[in-house]
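Down below is the structure, laid out as structure tokens.
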Amino acid sequence: MRTPRRAAAAAVALAALLAGVVGTTDATAADPGGFTVRPSVNQLYVLAATPGEQLELVDAGGATVATGTVDAAGSLAWRELAAGTYAVRPAGDPAGQSAQVTVADVDDPAPAQSFYDGQTLSEGFGYITTRDGTTLSANVSLPSGSGPFPTVVEYSGYDPSNPANTTMALLYNTLGFAYVGVNIRGTGCSGGSFLHFEPIQGLDGYDVIETVAAQSWAAFHEAGMVGVSYPGISQLYVAQTRPPHLSAITPLSVIDDTYRGTLYPGGILNTGFAVPWATERATQAAPYGQAWTRTRADGGDAECAANQALRLQNPDPLQLIEDNPFYTATMGDPISPSLFVHKIDVPVFLAGAWQDEQTGGHFPALLDDFTSAPHLYASIANGSHTESLSLGVFGRYADFLDLYVGHRVPTGAKAFVAPILAESLTGVPDLALPPGPDYSGLTYQQALRQYEAGDPIRILFEEGAAAGRPSGAPLPRFVRTFPSWPVPRAEPTAWYLTPHGRLRGTPAPDRASAARSYRADPAALPETTYSGSSAGLWQAHPDYDWRQIPAGTGLGWLSPPLRQDVVAIGTASVDLWVRTAALDTDLEVTLSEVRPGGREVYVQSGWLRASHRRLDVARSTPVSPVHTDLESDPRPLPAGRFTKVRVEVFPFAQAFREGSRLRLTVDAPGGARPLWAFDTIAHGERVFVATDRVHRSRLVLSVVPGVRVPAKAPACRSLRSQPCRTYPG
């Protein structure tokens, strides 16, 4: 994937677009070069400079630190600066040097409380000022009544501050919460320059929470955070900064590790969702990239207009993706929430789906990393990206907000809101919130104790197959709870691959046997199992295109009928001994269940570029191989001999019933999941898989004994995000 740089002609066009709108800030007397210098946190911005001018950034001693060219909007930004004193001057012109300014550090103390107390937010659209002077667009929506109100904040690079985007505001207002939607810097009408999940966004979020909590209408002078996906992930970045008046967070449909969980699963670039998502964010963060901002500017909002000034300084996300095919601490650690959620010290409610077609469903890996949170509650189901707001989750979610943000006994408003939300997302009508805990007659402390008394980990099984509800409705058939994650009683349980296409509980006795092979042909199947709109995928019965692997382009193994129910919860590992004449190959493994009636149900998949096979031994377990993915670690496959590779199957929870059979397939990436597609290197090479006594290829599941399940399996087509097809064998 190659991404062209901005051409000079594009710069000229953008200059015309921005004429009269940005770059109008007057230069100060301290800036004889005719531009304005604005220091930030590990960043520095130049505004109102001459387009095309060459500028130098110099340190306190006058040494040149960096250079740059002013863009068509008269702006320039330097990132990743060490804290210290800097000045800016035209290249080779010391006489035009600006006054010295101080760039702060991400670890510097926050502003005094008076900074937040001095800002007033009224109902409707306005701006929040952050510690570096950047203003963020915000929209405040208050529920009926006189207040003060328990308050929640949604913070993202979508359009939460767009006054016309009322969906989330109405939802939380109906639940009795004040709602504040805030756009991340460099998006919407917010000032600054945009880069996905950079540290300053977390500090901005700190300033947002503290400013909102300081308002007279914010009950307890606290605020919680809400949001699904992008605004869910953003909560993790904000909460790690520990705003003192943050009451709780509710991150829904999130990620644990951007590189391994979504962008490069198994070291293979995800071009089906991750790249288009990054492209869309870049487009919307361009000057007036969201149409509503142009409308506001044209209507007289000078702040929104001026805040477009730094947009041409946004780093190119596609170039960053291309330039970083391996994991690096510099790029990967800041976008890996699993490495910093231990800092979060407020109650957390987290929910998501195993088969999430967008963020991917790998998020449960971070559940045991919330070591400082006083309470962590997680609800996980089979299903899609919006399953975190399903009826099986929403009641407990709303109760959490009431208890930890509202500091009140849970209200009944959720019973009204939840069915409307569920129908709008899934198209399934006439639904109702299932019965939940009864808090009537309890004091707040009694209600809180009752909520906290239950197991914090809830696994919603067979979502879509609830008894007495329409097929595909966003409700589970049954729920099981556990005290922690990973599930404490889980036992690694192996099924070994045999030379004859069987999975068995003991290793193959053959000392050596002819290996089976396939041709790694990524064109043998469509890239994805669903290519329609996201909204269509969230419906009760999406039109999946989940096909059997064509003969010769993949391999399959099938277990005998199970003699008892097997409930697996967590990740799985597929340990393969592979050989190919190529130096490298991409592998996709898929686990499914074959029912006695000949129907096959999708469970989960995993991916690996064979050269990325080196393990992080300290973090890997029998059911969870963790690869280093470092640039120094890839190794070509050795010629002429088998090599062991371990492929992680993403987390899942599945009840395989007595009489069903486990099925494992291996092929080139593609055709296994909705939306996800891969920039694979597979090109038709023949891949051999050995399964003899010396080369013990196997599937290892995380089996939890003693989990009771309904005796009869549900209709397979009813299961949300688990396609069903006829098994030909």
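Chain identifiers are assigned as A, B, and so on, following the order in which chains appear in the structure tokens; residues are numbered from 1 within each chain, and ligands are numbered from 1 in order of appearance.
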*Could you name the residues that touch Ala655 in chain A at 8 Å or less, counting only C-alpha atoms, but leaving out those on the same chain fewer than 3 positions away, as a PyMOL selection string?*
chain A and resi 461+565-568+709
Export C-alpha atoms of the chosen residues as a PDB file, in the first residue's frame?
```pdb
ATOM      1  CA  PHE A 461     -24.238 -17.223  25.654  1.00  0.00           C
ATOM      2  CA  ASP A 565     -20.835 -30.917  26.582  1.00  0.00           C
ATOM      3  CA  VAL A 566     -17.663 -28.849  26.175  1.00  0.00           C
ATOM      4  CA  VAL A 567     -17.816 -25.167  27.127  1.00  0.00           C
ATOM      5  CA  ALA A 568     -14.835 -23.122  25.980  1.00  0.00           C
ATOM      6  CA  VAL A 709     -26.062 -25.322  29.365  1.00  0.00           C
TER       7      VAL A 709
END
```
Enumerate, in order of chain and increasing residue number, the residues of range 177-221 of chain A with an atom no farther than 9 Å from range 143-163 of chain A, each with its shortest atom pair and distance in Å to one decimal, counting only C-alpha atoms, as JSON lines.
```
{"residue": "A:Phe177", "atom": "CA", "partner": "A:Pro150", "partner_atom": "CA", "distance": 5.1}
{"residue": "A:Ala178", "atom": "CA", "partner": "A:Thr151", "partner_atom": "CA", "distance": 4.5}
{"residue": "A:Tyr179", "atom": "CA", "partner": "A:Val152", "partner_atom": "CA", "distance": 5.2}
{"residue": "A:Val180", "atom": "CA", "partner": "A:Val153", "partner_atom": "CA", "distance": 4.8}
{"residue": "A:Gly181", "atom": "CA", "partner": "A:Pro160", "partner_atom": "CA", "distance": 4.4}
{"residue": "A:Val182", "atom": "CA", "partner": "A:Tyr155", "partner_atom": "CA", "distance": 4.9}
{"residue": "A:Asn183", "atom": "CA", "partner": "A:Ser156", "partner_atom": "CA", "distance": 5.4}
{"residue": "A:Ile184", "atom": "CA", "partner": "A:Gly157", "partner_atom": "CA", "distance": 5.1}
{"residue": "A:Arg185", "atom": "CA", "partner": "A:Gly157", "partner_atom": "CA", "distance": 7.8}
{"residue": "A:Gly186", "atom": "CA", "partner": "A:Gly157", "partner_atom": "CA", "distance": 8.1}
{"residue": "A:Thr187", "atom": "CA", "partner": "A:Gly157", "partner_atom": "CA", "distance": 5.6}
{"residue": "A:Gly188", "atom": "CA", "partner": "A:Asp159", "partner_atom": "CA", "distance": 6.2}
{"residue": "A:Cys189", "atom": "CA", "partner": "A:Ser161", "partner_atom": "CA", "distance": 8.2}
{"residue": "A:Phe194", "atom": "CA", "partner": "A:Gly157", "partner_atom": "CA", "distance": 8.8}
{"residue": "A:His196", "atom": "CA", "partner": "A:Gly157", "partner_atom": "CA", "distance": 8.8}
{"residue": "A:Gly205", "atom": "CA", "partner": "A:Tyr155", "partner_atom": "CA", "distance": 7.5}
{"residue": "A:Val208", "atom": "CA", "partner": "A:Val153", "partner_atom": "CA", "distance": 8.5}
{"residue": "A:Ile209", "atom": "CA", "partner": "A:Val153", "partner_atom": "CA", "distance": 7.5}
{"residue": "A:Val212", "atom": "CA", "partner": "A:Val153", "partner_atom": "CA", "distance": 8.3}
{"residue": "A:Ala213", "atom": "CA", "partner": "A:Thr151", "partner_atom": "CA", "distance": 8.0}
{"residue": "A:Ser216", "atom": "CA", "partner": "A:Pro148", "partner_atom": "CA", "distance": 6.8}
{"residue": "A:Trp217", "atom": "CA", "partner": "A:Pro148", "partner_atom": "CA", "distance": 4.2}
{"residue": "A:Ala218", "atom": "CA", "partner": "A:Phe149", "partner_atom": "CA", "distance": 5.3}
{"residue": "A:Ala219", "atom": "CA", "partner": "A:Pro148", "partner_atom": "CA", "distance": 4.8}
{"residue": "A:Phe220", "atom": "CA", "partner": "A:Pro150", "partner_atom": "CA", "distance": 7.5}
{"residue": "A:His221", "atom": "CA", "partner": "A:Pro150", "partner_atom": "CA", "distance": 8.7}
```
Convert the current residue selection to file output with N, CA and C atoms, as an mmCIF file, in the first residue's frame.
```
data_model
loop_
_atom_site.group_PDB
_atom_site.id
_atom_site.type_symbol
_atom_site.label_atom_id
_atom_site.label_comp_id
_atom_site.auth_asym_id
_atom_site.auth_seq_id
_atom_site.Cartn_x
_atom_site.Cartn_y
_atom_site.Cartn_z
ATOM 1 N N PHE A 177 -29.509 11.999 32.859
ATOM 2 C CA PHE A 177 -28.148 12.512 32.926
ATOM 3 C C PHE A 177 -27.976 13.731 32.027
ATOM 4 N N ALA A 178 -27.217 14.700 32.492
ATOM 5 C CA ALA A 178 -26.726 15.739 31.592
ATOM 6 C C ALA A 178 -25.693 15.105 30.670
ATOM 7 N N TYR A 179 -25.720 15.496 29.399
ATOM 8 C CA TYR A 179 -24.823 14.909 28.404
ATOM 9 C C TYR A 179 -23.974 16.010 27.786
ATOM 10 N N VAL A 180 -22.668 15.756 27.702
ATOM 11 C CA VAL A 180 -21.751 16.700 27.073
ATOM 12 C C VAL A 180 -20.972 15.949 25.995
ATOM 13 N N GLY A 181 -21.171 16.341 24.743
ATOM 14 C CA GLY A 181 -20.421 15.750 23.641
ATOM 15 C C GLY A 181 -19.272 16.656 23.259
ATOM 16 N N VAL A 182 -18.063 16.114 23.225
ATOM 17 C CA VAL A 182 -16.859 16.917 22.993
ATOM 18 C C VAL A 182 -16.039 16.298 21.866
ATOM 19 N N ASN A 183 -15.626 17.124 20.933
ATOM 20 C CA ASN A 183 -14.758 16.663 19.851
ATOM 21 C C ASN A 183 -13.289 16.753 20.245
ATOM 22 N N ILE A 184 -12.562 15.678 19.988
ATOM 23 C CA ILE A 184 -11.118 15.639 20.189
ATOM 24 C C ILE A 184 -10.453 16.728 19.343
ATOM 25 N N ARG A 185 -9.309 17.227 19.807
ATOM 26 C CA ARG A 185 -8.600 18.276 19.061
ATOM 27 C C ARG A 185 -8.349 17.857 17.619
ATOM 28 N N GLY A 186 -8.493 18.858 16.745
ATOM 29 C CA GLY A 186 -8.273 18.612 15.326
ATOM 30 C C GLY A 186 -9.450 17.967 14.628
ATOM 31 N N THR A 187 -10.609 17.851 15.307
ATOM 32 C CA THR A 187 -11.813 17.289 14.689
ATOM 33 C C THR A 187 -12.991 18.206 14.995
ATOM 34 N N GLY A 188 -14.030 18.097 14.193
ATOM 35 C CA GLY A 188 -15.189 18.948 14.414
ATOM 36 C C GLY A 188 -14.796 20.414 14.372
ATOM 37 N N CYS A 189 -15.296 21.172 15.360
ATOM 38 C CA CYS A 189 -14.927 22.587 15.472
ATOM 39 C C CYS A 189 -13.802 22.789 16.484
ATOM 40 N N PHE A 194 -4.661 16.863 14.506
ATOM 41 C CA PHE A 194 -5.173 15.545 14.882
ATOM 42 C C PHE A 194 -4.203 14.424 14.538
ATOM 43 N N HIS A 196 -4.315 10.072 15.679
ATOM 44 C CA HIS A 196 -5.037 9.079 16.467
ATOM 45 C C HIS A 196 -4.367 8.809 17.816
ATOM 46 N N GLY A 205 -8.635 15.384 27.515
ATOM 47 C CA GLY A 205 -9.778 14.739 28.156
ATOM 48 C C GLY A 205 -9.819 15.008 29.645
ATOM 49 N N VAL A 208 -11.224 18.377 29.941
ATOM 50 C CA VAL A 208 -12.660 18.341 29.665
ATOM 51 C C VAL A 208 -13.424 17.890 30.910
ATOM 52 N N ILE A 209 -12.992 16.783 31.507
ATOM 53 C CA ILE A 209 -13.695 16.260 32.683
ATOM 54 C C ILE A 209 -13.691 17.283 33.814
ATOM 55 N N VAL A 212 -16.044 20.265 32.925
ATOM 56 C CA VAL A 212 -17.453 19.877 33.018
ATOM 57 C C VAL A 212 -17.855 19.691 34.478
ATOM 58 N N ALA A 213 -17.009 19.021 35.253
ATOM 59 C CA ALA A 213 -17.341 18.769 36.661
ATOM 60 C C ALA A 213 -17.449 20.056 37.464
ATOM 61 N N SER A 216 -21.998 24.399 37.528
ATOM 62 C CA SER A 216 -23.010 24.407 38.588
ATOM 63 C C SER A 216 -24.083 23.355 38.360
ATOM 64 N N TRP A 217 -24.311 22.958 37.106
ATOM 65 C CA TRP A 217 -25.351 21.977 36.818
ATOM 66 C C TRP A 217 -24.866 20.529 36.923
ATOM 67 N N ALA A 218 -23.557 20.300 37.191
ATOM 68 C CA ALA A 218 -22.993 18.949 37.316
ATOM 69 C C ALA A 218 -23.099 18.475 38.763
ATOM 70 N N ALA A 219 -23.940 17.490 39.013
ATOM 71 C CA ALA A 219 -24.135 16.985 40.368
ATOM 72 C C ALA A 219 -22.837 16.448 40.941
ATOM 73 N N PHE A 220 -22.618 16.711 42.201
ATOM 74 C CA PHE A 220 -21.442 16.242 42.946
ATOM 75 C C PHE A 220 -20.145 16.810 42.394
ATOM 76 N N HIS A 221 -20.252 17.702 41.421
ATOM 77 C CA HIS A 221 -19.075 18.215 40.709
ATOM 78 C C HIS A 221 -18.189 17.059 40.247
#
```
Surrounding residues of Gly232 in chain A excluding itself and chain neighbours under 3 positions, 9 Å, only C-alpha atoms, as a PDB file with N, CA and C atoms, in the first residue's frame:
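As a result, part.pdb now contains:
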```pdb
ATOM      1  N   GLU A 154     -19.201  12.311  26.421  1.00  0.00           N
ATOM      2  CA  GLU A 154     -18.772  11.490  25.285  1.00  0.00           C
ATOM      3  C   GLU A 154     -17.704  12.280  24.539  1.00  0.00           C
ATOM      4  N   TYR A 155     -16.566  11.643  24.282  1.00  0.00           N
ATOM      5  CA  TYR A 155     -15.373  12.345  23.793  1.00  0.00           C
ATOM      6  C   TYR A 155     -14.764  11.526  22.669  1.00  0.00           C
ATOM      7  N   SER A 156     -14.755  12.079  21.450  1.00  0.00           N
ATOM      8  CA  SER A 156     -14.203  11.314  20.332  1.00  0.00           C
ATOM      9  C   SER A 156     -13.934  12.225  19.154  1.00  0.00           C
ATOM     10  N   MET A 225     -17.964   8.957  32.022  1.00  0.00           N
ATOM     11  CA  MET A 225     -17.741   8.932  30.578  1.00  0.00           C
ATOM     12  C   MET A 225     -18.530   7.789  29.949  1.00  0.00           C
ATOM     13  N   VAL A 226     -19.037   8.041  28.722  1.00  0.00           N
ATOM     14  CA  VAL A 226     -19.843   7.066  27.999  1.00  0.00           C
ATOM     15  C   VAL A 226     -19.378   7.017  26.544  1.00  0.00           C
ATOM     16  N   GLY A 227     -19.808   5.971  25.849  1.00  0.00           N
ATOM     17  CA  GLY A 227     -19.499   5.894  24.431  1.00  0.00           C
ATOM     18  C   GLY A 227     -19.159   4.500  23.965  1.00  0.00           C
ATOM     19  N   VAL A 228     -19.446   4.250  22.687  1.00  0.00           N
ATOM     20  CA  VAL A 228     -19.208   2.958  22.048  1.00  0.00           C
ATOM     21  C   VAL A 228     -18.134   3.107  20.990  1.00  0.00           C
ATOM     22  N   SER A 229     -17.176   2.197  20.961  1.00  0.00           N
ATOM     23  CA  SER A 229     -16.127   2.162  19.946  1.00  0.00           C
ATOM     24  C   SER A 229     -15.136   3.305  20.143  1.00  0.00           C
ATOM     25  N   GLN A 235     -12.133   6.776  26.318  1.00  0.00           N
ATOM     26  CA  GLN A 235     -12.281   6.800  27.774  1.00  0.00           C
ATOM     27  C   GLN A 235     -11.055   6.213  28.475  1.00  0.00           C
ATOM     28  N   LEU A 236     -10.492   5.175  27.890  1.00  0.00           N
ATOM     29  CA  LEU A 236      -9.328   4.529  28.501  1.00  0.00           C
ATOM     30  C   LEU A 236      -8.145   5.492  28.521  1.00  0.00           C
ATOM     31  N   ILE A 249     -16.114   5.154  34.341  1.00  0.00           N
ATOM     32  CA  ILE A 249     -16.100   5.069  32.882  1.00  0.00           C
ATOM     33  C   ILE A 249     -16.852   3.827  32.434  1.00  0.00           C
ATOM     34  N   THR A 250     -17.370   3.887  31.198  1.00  0.00           N
ATOM     35  CA  THR A 250     -18.117   2.763  30.629  1.00  0.00           C
ATOM     36  C   THR A 250     -17.646   2.491  29.203  1.00  0.00           C
ATOM     37  N   PRO A 251     -16.427   2.022  29.018  1.00  0.00           N
ATOM     38  CA  PRO A 251     -15.899   1.787  27.663  1.00  0.00           C
ATOM     39  C   PRO A 251     -16.560   0.574  27.004  1.00  0.00           C
ATOM     40  N   LEU A 252     -17.237   0.790  25.905  1.00  0.00           N
ATOM     41  CA  LEU A 252     -17.952  -0.264  25.192  1.00  0.00           C
ATOM     42  C   LEU A 252     -17.327  -0.498  23.825  1.00  0.00           C
ATOM     43  N   SER A 253     -17.195  -1.768  23.443  1.00  0.00           N
ATOM     44  CA  SER A 253     -16.671  -2.172  22.120  1.00  0.00           C
ATOM     45  C   SER A 253     -15.304  -1.561  21.857  1.00  0.00           C
ATOM     46  N   VAL A 254     -14.335  -1.925  22.694  1.00  0.00           N
ATOM     47  CA  VAL A 254     -13.021  -1.287  22.655  1.00  0.00           C
ATOM     48  C   VAL A 254     -11.947  -2.256  22.162  1.00  0.00           C
ATOM     49  N   LEU A 350     -17.392  -2.441  31.314  1.00  0.00           N
ATOM     50  CA  LEU A 350     -16.899  -2.718  29.965  1.00  0.00           C
ATOM     51  C   LEU A 350     -17.765  -3.795  29.327  1.00  0.00           C
TER      52      LEU A 350
END
```
*Please identify all polymer residues within 7 Å of Gln539 in chain A, counting only C-alpha atoms, omitting same-chain residues fewer than 3 positions from it, and present them as a PyMOL selection string.*
chain A and resi 426-427+535-536+542
Select from range 69-183 of chain A every residue with an atom at most 6 Å from any atom of range 47-52 of chain A, then for each give the shortest pair of atoms and their distance in Å to one decimal, using only C-alpha atoms, rows by chain and rising number, as a tab-separated table.
```
residue	atom	partner	partner_atom	distance
A:Thr69	CA	A:Gly52	CA	5.7
A:Val70	CA	A:Pro51	CA	5.0
A:Asp71	CA	A:Pro51	CA	5.2
A:Ala72	CA	A:Pro51	CA	5.0
A:Gly74	CA	A:Ala49	CA	4.6
A:Ser75	CA	A:Leu47	CA	4.6
```
Next, dump the selected residues to file, keeping only C-alpha atoms, as a tab-separated table (two decimals), in the first residue's frame.
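Saved to result03.tsv:
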```
chain	number	residue	atom	x	y	z
A	69	THR	CA	7.72	24.48	5.67
A	70	VAL	CA	4.65	26.56	6.40
A	71	ASP	CA	1.54	25.05	4.82
A	72	ALA	CA	-1.12	26.66	2.67
A	74	GLY	CA	-0.05	29.55	7.19
A	75	SER	CA	0.55	26.90	9.84
```
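For Ser484 in chain A, the non-local neighbours within 8 Å, defined as residues at least 6 positions apart in the same chain or in other chains and counting only C-alpha atoms, are Asp368, Asp455, Pro456 and Ile457 of chain A.
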Serialized selection, C-alpha atoms, as an mmCIF file, in the first residue's frame:
```
data_model
loop_
_atom_site.group_PDB
_atom_site.id
_atom_site.type_symbol
_atom_site.label_atom_id
_atom_site.label_comp_id
_atom_site.auth_asym_id
_atom_site.auth_seq_id
_atom_site.Cartn_x
_atom_site.Cartn_y
_atom_site.Cartn_z
ATOM 1 C CA ASP A 368 -7.079 -8.496 34.083
ATOM 2 C CA ASP A 455 -19.742 -11.892 40.000
ATOM 3 C CA PRO A 456 -18.234 -9.103 37.885
ATOM 4 C CA ILE A 457 -17.701 -11.127 34.682
#
```
*Which one is closest to Arg673 in chain A: A:Arg563, A:Arg547, A:Arg38, A:Arg311? Count only C-alpha atoms.*
A:Arg547
*Identify, with DSSP run on backbone atoms, the residues in range 488-721 of chain A assigned to strand (DSSP E), and express the list as a VMD selection string.*
chain A and resid 491 to 497 503 to 504 516 to 519 554 to 558 566 to 580 586 to 594 599 to 609 643 to 656 661 to 667 686 to 690 698 to 703
*List the neighbours of Thr590 in chain A out to 10 Å using only C-alpha atoms; skip same-chain residues closer than 2 positions along the sequence, and give me the result as a PyMOL selection string.*
chain A and resi 556+574+588+592+602-607+649-650+663-667+672-673
*For range 360-363 of chain A, list every protein, DNA or RNA residue within 7 Å, evaluated using only C-alpha atoms, and leave out those in the same chain fewer than 2 positions away; present the list as a PyMOL selection string.*
chain A and resi 254-256+261-262+353-358+365-366+650-651
Export of the given selection (N, CA and C atoms) as a PDB file, in the first residue's frame:
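What follows is the written file selection.pdb:
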```pdb
ATOM      1  N   VAL A 254     -14.335  -1.925  22.694  1.00  0.00           N
ATOM      2  CA  VAL A 254     -13.021  -1.287  22.655  1.00  0.00           C
ATOM      3  C   VAL A 254     -11.947  -2.256  22.162  1.00  0.00           C
ATOM      4  N   ILE A 255     -10.704  -1.815  22.236  1.00  0.00           N
ATOM      5  CA  ILE A 255      -9.547  -2.612  21.830  1.00  0.00           C
ATOM      6  C   ILE A 255      -8.587  -2.746  23.001  1.00  0.00           C
ATOM      7  N   ASP A 256      -7.751  -3.775  22.951  1.00  0.00           N
ATOM      8  CA  ASP A 256      -6.731  -3.947  23.989  1.00  0.00           C
ATOM      9  C   ASP A 256      -5.347  -3.595  23.464  1.00  0.00           C
ATOM     10  N   GLY A 261      -4.460  -6.410  17.874  1.00  0.00           N
ATOM     11  CA  GLY A 261      -5.872  -6.739  17.948  1.00  0.00           C
ATOM     12  C   GLY A 261      -6.701  -6.291  16.769  1.00  0.00           C
ATOM     13  N   THR A 262      -6.259  -5.255  16.052  1.00  0.00           N
ATOM     14  CA  THR A 262      -7.092  -4.701  14.983  1.00  0.00           C
ATOM     15  C   THR A 262      -6.306  -4.366  13.719  1.00  0.00           C
ATOM     16  N   ALA A 353     -18.325  -7.679  22.137  1.00  0.00           N
ATOM     17  CA  ALA A 353     -18.709  -8.920  21.470  1.00  0.00           C
ATOM     18  C   ALA A 353     -17.491  -9.650  20.939  1.00  0.00           C
ATOM     19  N   TRP A 354     -17.548 -10.963  21.019  1.00  0.00           N
ATOM     20  CA  TRP A 354     -16.433 -11.788  20.543  1.00  0.00           C
ATOM     21  C   TRP A 354     -16.184 -11.605  19.058  1.00  0.00           C
ATOM     22  N   GLN A 355     -17.260 -11.555  18.278  1.00  0.00           N
ATOM     23  CA  GLN A 355     -17.113 -11.514  16.818  1.00  0.00           C
ATOM     24  C   GLN A 355     -17.216 -10.094  16.266  1.00  0.00           C
ATOM     25  N   ASP A 356     -16.924  -9.096  17.078  1.00  0.00           N
ATOM     26  CA  ASP A 356     -17.012  -7.695  16.655  1.00  0.00           C
ATOM     27  C   ASP A 356     -16.346  -7.505  15.293  1.00  0.00           C
ATOM     28  N   GLU A 357     -17.138  -7.056  14.318  1.00  0.00           N
ATOM     29  CA  GLU A 357     -16.646  -6.947  12.946  1.00  0.00           C
ATOM     30  C   GLU A 357     -15.794  -5.713  12.723  1.00  0.00           C
ATOM     31  N   GLN A 358     -15.710  -4.836  13.698  1.00  0.00           N
ATOM     32  CA  GLN A 358     -14.916  -3.620  13.543  1.00  0.00           C
ATOM     33  C   GLN A 358     -13.658  -3.686  14.410  1.00  0.00           C
ATOM     34  N   ALA A 365      -8.530  -9.454  26.509  1.00  0.00           N
ATOM     35  CA  ALA A 365      -7.154  -9.612  26.982  1.00  0.00           C
ATOM     36  C   ALA A 365      -6.737  -8.525  27.963  1.00  0.00           C
ATOM     37  N   LEU A 366      -7.463  -7.389  27.991  1.00  0.00           N
ATOM     38  CA  LEU A 366      -7.064  -6.333  28.924  1.00  0.00           C
ATOM     39  C   LEU A 366      -7.836  -6.367  30.243  1.00  0.00           C
ATOM     40  N   PHE A 650      -8.852 -15.737  18.291  1.00  0.00           N
ATOM     41  CA  PHE A 650      -9.359 -14.650  19.126  1.00  0.00           C
ATOM     42  C   PHE A 650     -10.328 -15.198  20.175  1.00  0.00           C
ATOM     43  N   PRO A 651     -10.550 -14.481  21.265  1.00  0.00           N
ATOM     44  CA  PRO A 651     -11.406 -14.986  22.351  1.00  0.00           C
ATOM     45  C   PRO A 651     -12.832 -15.288  21.879  1.00  0.00           C
TER      46      PRO A 651
END
```
*Kindly indicate which residue among A:Gly505, A:Pro364, A:Pro109, A:Pro199 lies nearest to Thr571 in chain A, using only C-alpha atoms for the distances.*
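Of A:Gly505, A:Pro364, A:Pro109, A:Pro199, the one nearest Thr571 in chain A is A:Pro364, counting only C-alpha atoms.
If only C-alpha atoms are the atoms counted, then among A:Pro509, A:Pro39, A:Gly299, A:Gly289 the closest residue to Leu312 in chain A is A:Gly289.
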*Closest to Ala418 in chain A among A:Tyr45, A:Tyr172, A:Phe642, A:Tyr518, using only C-alpha atoms?*
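So, comparing all the options, the nearest one is A:Tyr172.
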*Restricting the calculation to only C-alpha atoms, which member of A:Val487, A:Leu421, A:Ala95, A:Ile549 is positioned closest to Pro728 in chain A?*
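Smallest distance to Pro728 in chain A is found for A:Ile549.
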*Counting only C-alpha atoms, the residue of A:Leu246, A:Ala302, A:Leu391, A:Ala465 that sits nearest Leu431 in chain A*: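 When distances to Leu431 in chain A are compared using only C-alpha atoms, the smallest one comes from A:Leu391.
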*Out of range 323-511 of chain A, which residues get helix (DSSP H, G or I) from DSSP, as a PyMOL selection string?*
chain A and resi 323+329-335+337-339+341-343+363-369+387-389+391-405+414-426+444-453
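From CA of Thr529 in chain A back to CA of Arg614 in chain A, the distance works out to 29.8 Å.
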*Atom-to-atom span, CA of Ser697 in chain A and CA of Phe678 in chain A, Å*: 24.8 Å
